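The structure under discussion appears below in the form of structure tokens.
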Number of protein chains: 2
Amino acid sequence: MTAYRIGIDMGGTAIKLALLDERLRILWETTVDNRPRGTPRVLVERIAGALRGRLTGVRSVGLGVAGDIDAERGIVRFSPNLGLHDAPLGPLLKKALKKPVSVHNDAKAAAWGIFKTQVPARVRHVVVLTLGTGVGGGIILNGKLHLGATGSAGEVGHMVIVPGGRPCHCGSRGCLEAYVGGVYLVREARSILASGRGKIIRRLAGGNPLNITPRLLNQAARRGDPAARRLWREAGAKLGLGISNLVNVLNPERVVLTGGLAAAHPLFLPAALKTARKAAFKAPFRAVTITIAQRARNIGVVGAALLAD
Amino acid sequence: MTAYRIGIDMGGTAIKLALLDERLRILWETTVDNRPRGTPRVLVERIAGALRGRLTGVRSVGLGVAGDIDAERGIVRFSPNLGLHDAPLGPLLKKALKKPVSVHNDAKAAAWGIFKTQVPARVRHVVVLTLGTGVGGGIILNGKLHLGATGSAGEVGHMVIVPGGRPCHCGSRGCLEAYVGGVYLVREARSILASGRGKIIRRLAGGNPLNITPRLLNQAARRGDPAARRLWREAGAKLGLGISNLVNVLNPERVVLTGGLAAAHPLFLPAALKTARKAAFKAPFRAVTITIAQRARNIGVVGAALLAD
């Protein structure tokens with residue numbers, strides 16, 4: 001019997017690995033350091049080292065990597081986090097492990113994990129929005145992960161929401177991410193402090209704007225800081241426009257919000273729903289359920305493992 | 001042998017009908033008046049009357065209707081143009097014609113017609129944008145028309161491009177359609193005249209702003225009217241943002257522009273491409289070809305017929 005799966009989530013600082021049984025229970029897991037930056041061969045050695053003696057009964061290995069991935073050929077085309085360019089991690093890993101290996105974008109892997117483990121089987125069209133440092137996503141249509149022509153589909157964080165708006169690190173302006181991503185929320189909060197508002201933010205940050213994190217902004221808002229509350233509401237309104245665009249274009253049955261910022265949903269979701277309801281067409285808006293993903297520490301690993309099937 | 005197909009394109013003023021052979025050649029076609037507005041039964045009688053004696057050898061009938069369609073059940077949920085609400089045109093037509101009948105949104109039918117007759121078979125992900133009075137569309141993914149949860153997918157004209165921007169007839173603000181749709185271009189041109197600019201527009205319109213049409217604005221721009229040229233460029237820039245969003249989210253191999261306004265592409269496409277190139281991610285933008293559909297008078301009828309398969 002070879003019914004087990006290996007899932008791997010490779011980030012810039014750590015590699016998470018897990019062995020899953022056929023019911024997706026985690027039989028074994030580990031995290032290994034992924035620093036300093038390595039060549040593709042070094043990265044494969046780190047993974048192979050961590051998996052030594054763990055491959056009995058394993059039928060497939062799925063790897064999720066932050067970046068632009070050619071899933072068909074298992075190549076990491078570009079990963080700023082990992083410093084990789086056209087890295088053939090899939091073929092190298094297959095050779096090292098002697099197992100079928102699939103490589104996908106990490107946000108898509110997490111989206112797939114949510115789709116397979118948190119959404120009823122009758123639901124076939126799902127958009128997952130990952131609200132973290134940036135805004136990523138995964139689109140499942142007709143029960144399949146939509147990859148698109150080059151595997152780049154699902155970059156929902158880079159829909160332009162405000163033409164000529166805030167500069168986005170992607171080089172464009174006014175992207176959804178530049179209004180909703182954690183990095184941008186923190187930046188916005190710093191300019192709030194600079195203007196003398198945000199007393200509770202300041203206090204929680206010990207007076208140092210460098211201590212501001214999205215989690216701190218969540219706390220500040222829950223303690224009643226008006227500037228922090230408004231920050232989340234405004235991010236929510238922009239998110240609502242993004243959701244509305246996705247609803248009008250794709251007509252999904254479900255939009256699932258996940259990622260580190262999703263925990264702050266009481267602060268931004270009402271504004272998002274209000275804006276989306278106004279902007280979206282009635283029929284598709286009525287048909288969509290907008291939910292917060294259940295907390296699932298290993299969803300990226302599980303999703304990567306399941307994408308290997 | 002029953003290899004023939006009937007395609008029908010029902011608009012607010014006329015119904016176009018055609019009989020197609022297996023190679024999609026039009027063997028017979030007609031147009032019948034669709035006024036005054038009728039109940040679903042009256043509309044079906046008009047169609048059945050036009051098709052009398054033409055159904056020998058016909059295997060299926062496909063109907064395209066402007067509006068929100070429940071394709072699964074053949075129901076026109078809402079068509080402002082035709083004044084229909086929850087009209088079971090599919091079942092009624094099936095009963096009247098004794099043939100399998102499918103009902104789809106007209107823009108989606110046209111998109112499908114373009115996909116099946118103007119795009120190489122290897123191309124599997126296509127977005128068709130219909131630039132007319134409004135902006136409609138059809139999305140083909142993995143070689144299939146993407147309908148979504150309620151058949152409402154593809155409302156690309158109602159992506160919000162400018163938050164809080166121009167009011168759109170859909171009730172929202174800042175929709176792509178409100179910057180690119182013919183109705184809005186004409187409205188914009190009228191305010192240009194009101195401000196004393198647009199001399200060539202005024203001359204072509206015989207001094208009467210009510211004579212302005214998108215075709216006239218095309219002529220005025222080609223004759224060098226700076227205000228008209230700018231109008232198209234600005235519409236092009238907004239279209240480019242819409243295309244960029246679709247490229248980042250869906251990663252299609254092709255975006256095809258069609259509809260009455262597409263003829264003016266030399267005036268707006270360069271600006272659209274420039275904006276889209278800036279706003280979109282590199283890999284998916286490199287992978288997409290943006291083209292103008294070939295003129296095809298009957299593409300809506302052909303597409304409707306082909307969707308019946």
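Scheme for the structure tokens: letters A, B, ... for chains in order shown; per-chain residue numbers from 1; ligand numbers from 1 in order shown.
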Find the residues of chain A in contact range of chain B, meaning any atom within 8 Å when counting only C-alpha atoms, and list them as a PyMOL selection string.
chain A and resi 125+141+146-156+158-163+170-173+241+244-253+278-281+283-284+287
Run DSSP on the backbone and grab whatever in stretch 50-176 of chain A lands in strand (DSSP E or B); send it over as a ChimeraX atom specification.
/A:58-65,68-70,75-79,84-87,101-105,126-131,135-141,144-145,160,167,173,175
Can you work out which one of B:Ala50, B:Ala264, B:Ile290, B:Val101 has the shortest atom-to-atom distance to B:Arg73, counting only C-alpha atoms?
B:Val101
Please, can I see chain A fitted onto chain B by all in-order Cα atoms (least squares), as an mmCIF file with C-alpha atoms, in the first residue's frame?
```
data_model
loop_
_atom_site.group_PDB
_atom_site.id
_atom_site.type_symbol
_atom_site.label_atom_id
_atom_site.label_comp_id
_atom_site.auth_asym_id
_atom_site.auth_seq_id
_atom_site.Cartn_x
_atom_site.Cartn_y
_atom_site.Cartn_z
ATOM 1 C CA MET A 1 -29.428 12.637 -40.496
ATOM 2 C CA THR A 2 -30.167 15.428 -38.056
ATOM 3 C CA ALA A 3 -26.951 17.422 -38.096
ATOM 4 C CA TYR A 4 -28.367 20.888 -38.586
ATOM 5 C CA ARG A 5 -28.634 23.507 -35.901
ATOM 6 C CA ILE A 6 -30.862 26.509 -35.387
ATOM 7 C CA GLY A 7 -29.349 29.616 -33.817
ATOM 8 C CA ILE A 8 -31.463 32.489 -32.570
ATOM 9 C CA ASP A 9 -30.423 35.917 -31.309
ATOM 10 C CA MET A 10 -33.297 37.699 -29.648
ATOM 11 C CA GLY A 11 -33.007 41.416 -29.082
ATOM 12 C CA GLY A 12 -35.462 44.101 -28.026
ATOM 13 C CA THR A 13 -36.366 45.116 -31.569
ATOM 14 C CA ALA A 14 -35.676 42.039 -33.715
ATOM 15 C CA ILE A 15 -35.164 38.295 -33.612
ATOM 16 C CA LYS A 16 -32.465 36.908 -35.899
ATOM 17 C CA LEU A 17 -32.758 33.240 -36.813
ATOM 18 C CA ALA A 18 -30.519 31.006 -38.874
ATOM 19 C CA LEU A 19 -30.237 27.392 -39.950
ATOM 20 C CA LEU A 20 -26.663 26.102 -39.897
ATOM 21 C CA ASP A 21 -25.279 22.967 -41.437
ATOM 22 C CA GLU A 22 -22.673 20.766 -39.757
ATOM 23 C CA ARG A 23 -19.877 22.982 -41.105
ATOM 24 C CA LEU A 24 -21.605 26.048 -39.670
ATOM 25 C CA ARG A 25 -22.565 27.423 -43.061
ATOM 26 C CA ILE A 26 -25.766 29.411 -42.947
ATOM 27 C CA LEU A 27 -28.322 27.611 -45.117
ATOM 28 C CA TRP A 28 -31.144 29.966 -44.383
ATOM 29 C CA GLU A 29 -31.653 33.033 -42.259
ATOM 30 C CA THR A 30 -34.308 35.536 -41.425
ATOM 31 C CA THR A 31 -35.021 38.418 -39.113
ATOM 32 C CA VAL A 32 -38.437 39.011 -37.622
ATOM 33 C CA ASP A 33 -39.774 42.006 -35.787
ATOM 34 C CA ASN A 34 -39.835 41.638 -32.012
ATOM 35 C CA ARG A 35 -42.092 44.587 -31.256
ATOM 36 C CA PRO A 36 -44.247 45.290 -29.407
ATOM 37 C CA ARG A 37 -43.010 43.636 -26.230
ATOM 38 C CA GLY A 38 -44.578 40.263 -25.726
ATOM 39 C CA THR A 39 -45.214 37.711 -23.029
ATOM 40 C CA PRO A 40 -43.007 34.612 -23.114
ATOM 41 C CA ARG A 41 -45.761 32.799 -25.054
ATOM 42 C CA VAL A 42 -45.931 35.555 -27.651
ATOM 43 C CA LEU A 43 -42.134 35.516 -28.055
ATOM 44 C CA VAL A 44 -42.172 31.742 -28.517
ATOM 45 C CA GLU A 45 -44.948 32.069 -31.116
ATOM 46 C CA ARG A 46 -42.851 34.629 -33.025
ATOM 47 C CA ILE A 47 -39.935 32.221 -33.094
ATOM 48 C CA ALA A 48 -42.057 29.164 -33.916
ATOM 49 C CA GLY A 49 -43.784 31.101 -36.697
ATOM 50 C CA ALA A 50 -40.479 32.102 -38.230
ATOM 51 C CA LEU A 51 -39.204 28.512 -38.085
ATOM 52 C CA ARG A 52 -42.289 26.855 -39.540
ATOM 53 C CA GLY A 53 -41.221 24.257 -42.118
ATOM 54 C CA ARG A 54 -37.517 24.797 -41.318
ATOM 55 C CA LEU A 55 -36.992 22.149 -38.667
ATOM 56 C CA THR A 56 -36.371 19.095 -40.841
ATOM 57 C CA GLY A 57 -32.985 17.628 -40.028
ATOM 58 C CA VAL A 58 -32.458 19.992 -37.090
ATOM 59 C CA ARG A 59 -30.969 18.411 -33.994
ATOM 60 C CA SER A 60 -30.943 21.379 -31.616
ATOM 61 C CA VAL A 61 -31.953 24.977 -31.128
ATOM 62 C CA GLY A 62 -29.847 27.585 -29.309
ATOM 63 C CA LEU A 63 -31.251 30.908 -28.192
ATOM 64 C CA GLY A 64 -29.261 33.938 -27.075
ATOM 65 C CA VAL A 65 -31.034 36.624 -25.049
ATOM 66 C CA ALA A 66 -29.728 39.863 -23.543
ATOM 67 C CA GLY A 67 -30.100 39.525 -19.800
ATOM 68 C CA ASP A 68 -29.496 37.367 -16.769
ATOM 69 C CA ILE A 69 -30.130 33.774 -17.811
ATOM 70 C CA ASP A 70 -30.518 30.539 -15.869
ATOM 71 C CA ALA A 71 -28.978 28.393 -18.595
ATOM 72 C CA GLU A 72 -29.492 25.182 -16.663
ATOM 73 C CA ARG A 73 -33.276 25.561 -16.669
ATOM 74 C CA GLY A 74 -33.622 27.686 -19.788
ATOM 75 C CA ILE A 75 -35.139 30.597 -17.892
ATOM 76 C CA VAL A 76 -34.648 34.289 -18.605
ATOM 77 C CA ARG A 77 -34.385 35.526 -15.026
ATOM 78 C CA PHE A 78 -34.283 39.168 -15.991
ATOM 79 C CA SER A 79 -34.070 41.006 -19.278
ATOM 80 C CA PRO A 80 -34.655 44.764 -19.078
ATOM 81 C CA ASN A 81 -34.494 45.025 -22.899
ATOM 82 C CA LEU A 82 -37.258 42.488 -23.391
ATOM 83 C CA GLY A 83 -39.204 43.301 -20.230
ATOM 84 C CA LEU A 84 -38.932 39.699 -19.029
ATOM 85 C CA HIS A 85 -38.829 38.360 -15.477
ATOM 86 C CA ASP A 86 -38.415 34.632 -14.801
ATOM 87 C CA ALA A 87 -39.584 33.754 -18.289
ATOM 88 C CA PRO A 88 -39.293 30.010 -19.090
ATOM 89 C CA LEU A 89 -38.413 30.548 -22.750
ATOM 90 C CA GLY A 90 -36.397 27.311 -22.915
ATOM 91 C CA PRO A 91 -39.142 24.917 -21.784
ATOM 92 C CA LEU A 92 -41.830 26.760 -23.801
ATOM 93 C CA LEU A 93 -39.717 26.720 -26.951
ATOM 94 C CA LYS A 94 -38.844 23.061 -26.492
ATOM 95 C CA LYS A 95 -42.546 22.234 -26.282
ATOM 96 C CA ALA A 96 -43.383 24.349 -29.327
ATOM 97 C CA LEU A 97 -40.526 23.094 -31.530
ATOM 98 C CA LYS A 98 -40.152 19.545 -30.190
ATOM 99 C CA LYS A 99 -36.343 19.948 -30.241
ATOM 100 C CA PRO A 100 -33.739 20.280 -27.516
ATOM 101 C CA VAL A 101 -33.392 23.983 -26.718
ATOM 102 C CA SER A 102 -30.675 25.823 -24.849
ATOM 103 C CA VAL A 103 -30.866 29.426 -23.674
ATOM 104 C CA HIS A 104 -27.842 31.590 -22.936
ATOM 105 C CA ASN A 105 -26.938 35.210 -22.465
ATOM 106 C CA ASP A 106 -26.368 36.814 -25.880
ATOM 107 C CA ALA A 107 -22.882 38.152 -25.078
ATOM 108 C CA LYS A 108 -21.856 34.697 -23.865
ATOM 109 C CA ALA A 109 -23.272 33.150 -27.026
ATOM 110 C CA ALA A 110 -21.263 35.593 -29.166
ATOM 111 C CA ALA A 111 -18.149 34.857 -27.091
ATOM 112 C CA TRP A 112 -18.650 31.150 -27.668
ATOM 113 C CA GLY A 113 -19.117 31.737 -31.388
ATOM 114 C CA ILE A 114 -15.824 33.639 -31.525
ATOM 115 C CA PHE A 115 -14.069 30.979 -29.473
ATOM 116 C CA LYS A 116 -15.293 28.175 -31.746
ATOM 117 C CA THR A 117 -14.747 29.899 -35.076
ATOM 118 C CA GLN A 118 -11.931 32.458 -34.659
ATOM 119 C CA VAL A 119 -9.521 30.997 -32.123
ATOM 120 C CA PRO A 120 -7.095 28.119 -32.781
ATOM 121 C CA ALA A 121 -8.155 24.868 -31.117
ATOM 122 C CA ARG A 122 -5.031 24.723 -28.904
ATOM 123 C CA VAL A 123 -6.093 27.949 -27.140
ATOM 124 C CA ARG A 124 -8.139 26.959 -24.068
ATOM 125 C CA HIS A 125 -8.488 30.116 -21.932
ATOM 126 C CA VAL A 126 -10.142 33.062 -23.638
ATOM 127 C CA VAL A 127 -11.854 36.214 -22.417
ATOM 128 C CA VAL A 128 -14.121 37.938 -24.915
ATOM 129 C CA LEU A 129 -15.026 41.560 -24.218
ATOM 130 C CA THR A 130 -18.024 42.909 -26.073
ATOM 131 C CA LEU A 131 -17.664 46.661 -26.439
ATOM 132 C CA GLY A 132 -21.033 48.077 -27.424
ATOM 133 C CA THR A 133 -23.639 50.262 -25.795
ATOM 134 C CA GLY A 134 -22.438 48.567 -22.630
ATOM 135 C CA VAL A 135 -19.562 46.199 -21.969
ATOM 136 C CA GLY A 136 -20.356 42.505 -21.779
ATOM 137 C CA GLY A 137 -18.314 39.419 -22.089
ATOM 138 C CA GLY A 138 -17.809 35.737 -21.998
ATOM 139 C CA ILE A 139 -15.121 33.715 -20.296
ATOM 140 C CA ILE A 140 -13.915 30.416 -21.695
ATOM 141 C CA LEU A 141 -11.693 28.386 -19.379
ATOM 142 C CA ASN A 142 -10.289 24.976 -20.239
ATOM 143 C CA GLY A 143 -12.275 25.156 -23.455
ATOM 144 C CA LYS A 144 -15.594 25.557 -21.647
ATOM 145 C CA LEU A 145 -17.855 28.554 -21.245
ATOM 146 C CA HIS A 146 -17.610 29.534 -17.606
ATOM 147 C CA LEU A 147 -21.122 30.150 -16.314
ATOM 148 C CA GLY A 148 -20.513 30.228 -12.565
ATOM 149 C CA ALA A 149 -22.918 29.420 -9.764
ATOM 150 C CA THR A 150 -25.975 31.104 -11.283
ATOM 151 C CA GLY A 151 -24.888 31.579 -14.892
ATOM 152 C CA SER A 152 -24.000 35.196 -14.141
ATOM 153 C CA ALA A 153 -20.231 34.945 -14.666
ATOM 154 C CA GLY A 154 -18.518 37.151 -17.214
ATOM 155 C CA GLU A 155 -19.947 40.519 -16.198
ATOM 156 C CA VAL A 156 -16.570 42.058 -16.936
ATOM 157 C CA GLY A 157 -18.138 45.439 -17.681
ATOM 158 C CA HIS A 158 -19.073 45.712 -14.037
ATOM 159 C CA MET A 159 -15.676 45.363 -12.474
ATOM 160 C CA VAL A 160 -15.206 48.522 -10.432
ATOM 161 C CA ILE A 161 -12.317 50.382 -12.019
ATOM 162 C CA VAL A 162 -12.701 53.735 -10.242
ATOM 163 C CA PRO A 163 -14.086 53.514 -6.666
ATOM 164 C CA GLY A 164 -16.822 56.103 -6.223
ATOM 165 C CA GLY A 165 -16.442 56.987 -9.902
ATOM 166 C CA ARG A 166 -19.050 57.593 -12.588
ATOM 167 C CA PRO A 167 -22.502 56.269 -11.796
ATOM 168 C CA CYS A 168 -23.274 53.132 -13.824
ATOM 169 C CA HIS A 169 -26.786 52.218 -14.885
ATOM 170 C CA CYS A 170 -26.353 48.969 -12.902
ATOM 171 C CA GLY A 171 -26.634 51.014 -9.707
ATOM 172 C CA SER A 172 -22.959 50.850 -8.786
ATOM 173 C CA ARG A 173 -20.235 53.407 -9.450
ATOM 174 C CA GLY A 174 -16.996 53.385 -11.376
ATOM 175 C CA CYS A 175 -17.708 50.240 -13.417
ATOM 176 C CA LEU A 176 -15.554 49.600 -16.486
ATOM 177 C CA GLU A 177 -18.686 50.023 -18.594
ATOM 178 C CA ALA A 178 -19.180 53.588 -17.320
ATOM 179 C CA TYR A 179 -15.848 54.511 -18.952
ATOM 180 C CA VAL A 180 -15.878 52.351 -22.062
ATOM 181 C CA GLY A 181 -19.519 51.677 -22.994
ATOM 182 C CA GLY A 182 -20.895 53.550 -25.999
ATOM 183 C CA VAL A 183 -23.638 55.225 -23.981
ATOM 184 C CA TYR A 184 -21.027 56.725 -21.677
ATOM 185 C CA LEU A 185 -18.694 57.793 -24.467
ATOM 186 C CA VAL A 186 -21.575 59.674 -26.048
ATOM 187 C CA ARG A 187 -22.492 61.277 -22.731
ATOM 188 C CA GLU A 188 -18.874 62.329 -22.234
ATOM 189 C CA ALA A 189 -18.760 63.775 -25.749
ATOM 190 C CA ARG A 190 -21.842 65.861 -25.021
ATOM 191 C CA SER A 191 -20.186 67.401 -22.007
ATOM 192 C CA ILE A 192 -17.125 68.089 -24.179
ATOM 193 C CA LEU A 193 -19.346 70.025 -26.601
ATOM 194 C CA ALA A 194 -20.988 71.857 -23.706
ATOM 195 C CA SER A 195 -17.535 73.048 -22.640
ATOM 196 C CA GLY A 196 -16.909 74.493 -26.109
ATOM 197 C CA ARG A 197 -14.393 71.868 -27.283
ATOM 198 C CA GLY A 198 -14.832 69.183 -29.926
ATOM 199 C CA LYS A 199 -15.329 71.331 -33.028
ATOM 200 C CA ILE A 200 -15.216 68.393 -35.439
ATOM 201 C CA ILE A 201 -17.606 66.372 -33.280
ATOM 202 C CA ARG A 202 -19.987 69.307 -33.358
ATOM 203 C CA ARG A 203 -19.717 69.707 -37.104
ATOM 204 C CA LEU A 204 -20.281 66.015 -37.801
ATOM 205 C CA ALA A 205 -23.278 66.104 -35.476
ATOM 206 C CA GLY A 206 -24.744 69.039 -37.400
ATOM 207 C CA GLY A 207 -24.566 71.096 -34.199
ATOM 208 C CA ASN A 208 -26.955 68.732 -32.392
ATOM 209 C CA PRO A 209 -25.443 66.770 -29.472
ATOM 210 C CA LEU A 210 -28.286 64.242 -29.806
ATOM 211 C CA ASN A 211 -26.760 63.117 -33.112
ATOM 212 C CA ILE A 212 -23.554 61.959 -31.449
ATOM 213 C CA THR A 213 -22.919 58.226 -31.729
ATOM 214 C CA PRO A 214 -19.782 56.164 -31.071
ATOM 215 C CA ARG A 215 -19.374 55.852 -34.845
ATOM 216 C CA LEU A 216 -19.436 59.638 -35.176
ATOM 217 C CA LEU A 217 -16.844 59.897 -32.401
ATOM 218 C CA ASN A 218 -14.697 57.441 -34.342
ATOM 219 C CA GLN A 219 -14.972 59.626 -37.458
ATOM 220 C CA ALA A 220 -14.268 62.810 -35.518
ATOM 221 C CA ALA A 221 -11.141 61.306 -33.987
ATOM 222 C CA ARG A 222 -9.917 59.999 -37.345
ATOM 223 C CA ARG A 223 -10.356 63.495 -38.754
ATOM 224 C CA GLY A 224 -8.102 64.793 -36.015
ATOM 225 C CA ASP A 225 -10.450 66.213 -33.398
ATOM 226 C CA PRO A 226 -8.189 66.416 -30.312
ATOM 227 C CA ALA A 227 -11.061 66.103 -27.831
ATOM 228 C CA ALA A 228 -12.397 63.015 -29.601
ATOM 229 C CA ARG A 229 -8.942 61.454 -29.800
ATOM 230 C CA ARG A 230 -8.450 62.023 -26.102
ATOM 231 C CA LEU A 231 -11.875 60.548 -25.317
ATOM 232 C CA TRP A 232 -10.906 57.280 -27.015
ATOM 233 C CA ARG A 233 -7.469 57.251 -25.413
ATOM 234 C CA GLU A 234 -8.961 57.681 -21.951
ATOM 235 C CA ALA A 235 -11.504 54.944 -22.592
ATOM 236 C CA GLY A 236 -8.594 52.798 -23.784
ATOM 237 C CA ALA A 237 -6.633 53.403 -20.585
ATOM 238 C CA LYS A 238 -9.602 52.289 -18.473
ATOM 239 C CA LEU A 239 -10.088 49.275 -20.723
ATOM 240 C CA GLY A 240 -6.422 48.462 -20.157
ATOM 241 C CA LEU A 241 -6.993 48.365 -16.402
ATOM 242 C CA GLY A 242 -9.919 46.014 -16.921
ATOM 243 C CA ILE A 243 -7.831 43.793 -19.183
ATOM 244 C CA SER A 244 -4.991 43.820 -16.664
ATOM 245 C CA ASN A 245 -7.345 42.683 -13.898
ATOM 246 C CA LEU A 246 -8.578 39.838 -16.070
ATOM 247 C CA VAL A 247 -5.011 38.879 -17.020
ATOM 248 C CA ASN A 248 -3.852 38.836 -13.385
ATOM 249 C CA VAL A 249 -6.883 36.930 -12.145
ATOM 250 C CA LEU A 250 -7.524 34.503 -15.001
ATOM 251 C CA ASN A 251 -4.235 34.300 -16.939
ATOM 252 C CA PRO A 252 -5.957 33.765 -20.300
ATOM 253 C CA GLU A 253 -4.110 32.988 -23.530
ATOM 254 C CA ARG A 254 -6.285 35.386 -25.427
ATOM 255 C CA VAL A 255 -8.412 38.456 -24.899
ATOM 256 C CA VAL A 256 -10.653 39.156 -27.876
ATOM 257 C CA LEU A 257 -12.381 42.497 -28.308
ATOM 258 C CA THR A 258 -15.614 42.539 -30.230
ATOM 259 C CA GLY A 259 -18.821 44.590 -30.476
ATOM 260 C CA GLY A 260 -19.641 47.797 -32.304
ATOM 261 C CA LEU A 261 -16.892 49.852 -30.666
ATOM 262 C CA ALA A 262 -14.127 47.394 -31.559
ATOM 263 C CA ALA A 263 -13.979 49.004 -35.022
ATOM 264 C CA ALA A 264 -12.442 52.077 -33.350
ATOM 265 C CA HIS A 265 -9.523 50.002 -32.031
ATOM 266 C CA PRO A 266 -6.799 52.094 -33.685
ATOM 267 C CA LEU A 267 -7.986 54.911 -31.430
ATOM 268 C CA PHE A 268 -8.132 53.101 -28.098
ATOM 269 C CA LEU A 269 -6.103 49.892 -28.308
ATOM 270 C CA PRO A 270 -2.624 51.447 -28.033
ATOM 271 C CA ALA A 271 -3.622 53.184 -24.775
ATOM 272 C CA ALA A 272 -5.256 49.985 -23.514
ATOM 273 C CA LEU A 273 -2.153 47.909 -24.209
ATOM 274 C CA LYS A 274 0.130 50.481 -22.625
ATOM 275 C CA THR A 275 -1.908 50.592 -19.419
ATOM 276 C CA ALA A 276 -2.382 46.834 -19.275
ATOM 277 C CA ARG A 277 1.334 46.211 -19.790
ATOM 278 C CA LYS A 278 2.167 48.490 -16.859
ATOM 279 C CA ALA A 279 -0.489 47.126 -14.522
ATOM 280 C CA ALA A 280 -0.328 43.394 -15.252
ATOM 281 C CA PHE A 281 2.211 40.852 -14.062
ATOM 282 C CA LYS A 282 4.894 40.108 -16.618
ATOM 283 C CA ALA A 283 4.473 36.347 -17.063
ATOM 284 C CA PRO A 284 0.708 36.379 -17.690
ATOM 285 C CA PHE A 285 0.918 39.538 -19.810
ATOM 286 C CA ARG A 286 3.565 37.956 -22.032
ATOM 287 C CA ALA A 287 1.354 34.881 -22.377
ATOM 288 C CA VAL A 288 -1.733 36.731 -23.562
ATOM 289 C CA THR A 289 -2.560 37.843 -27.091
ATOM 290 C CA ILE A 290 -5.017 40.703 -27.314
ATOM 291 C CA THR A 291 -6.885 40.712 -30.607
ATOM 292 C CA ILE A 292 -9.834 42.285 -32.359
ATOM 293 C CA ALA A 293 -12.495 39.806 -33.452
ATOM 294 C CA GLN A 294 -13.065 39.412 -37.143
ATOM 295 C CA ARG A 295 -16.235 41.079 -38.310
ATOM 296 C CA ALA A 296 -18.908 38.424 -38.230
ATOM 297 C CA ARG A 297 -22.428 39.606 -38.679
ATOM 298 C CA ASN A 298 -23.941 36.373 -37.416
ATOM 299 C CA ILE A 299 -21.599 35.483 -34.592
ATOM 300 C CA GLY A 300 -24.367 35.715 -31.965
ATOM 301 C CA VAL A 301 -26.567 33.333 -33.917
ATOM 302 C CA VAL A 302 -23.705 30.924 -34.632
ATOM 303 C CA GLY A 303 -22.597 30.988 -30.994
ATOM 304 C CA ALA A 304 -26.125 30.356 -29.731
ATOM 305 C CA ALA A 305 -26.432 27.417 -32.142
ATOM 306 C CA LEU A 306 -23.100 25.975 -30.999
ATOM 307 C CA LEU A 307 -23.960 26.319 -27.307
ATOM 308 C CA ALA A 308 -26.893 23.995 -27.882
ATOM 309 C CA ASP A 309 -24.546 21.021 -28.382
#
```
List every residue of stretch 44-178 of chain A that DSSP, applied to the backbone, labels as alpha helix (DSSP H), and write the result as number ranges by chain.
A: 44-51, 89-97, 106-118, 177-178
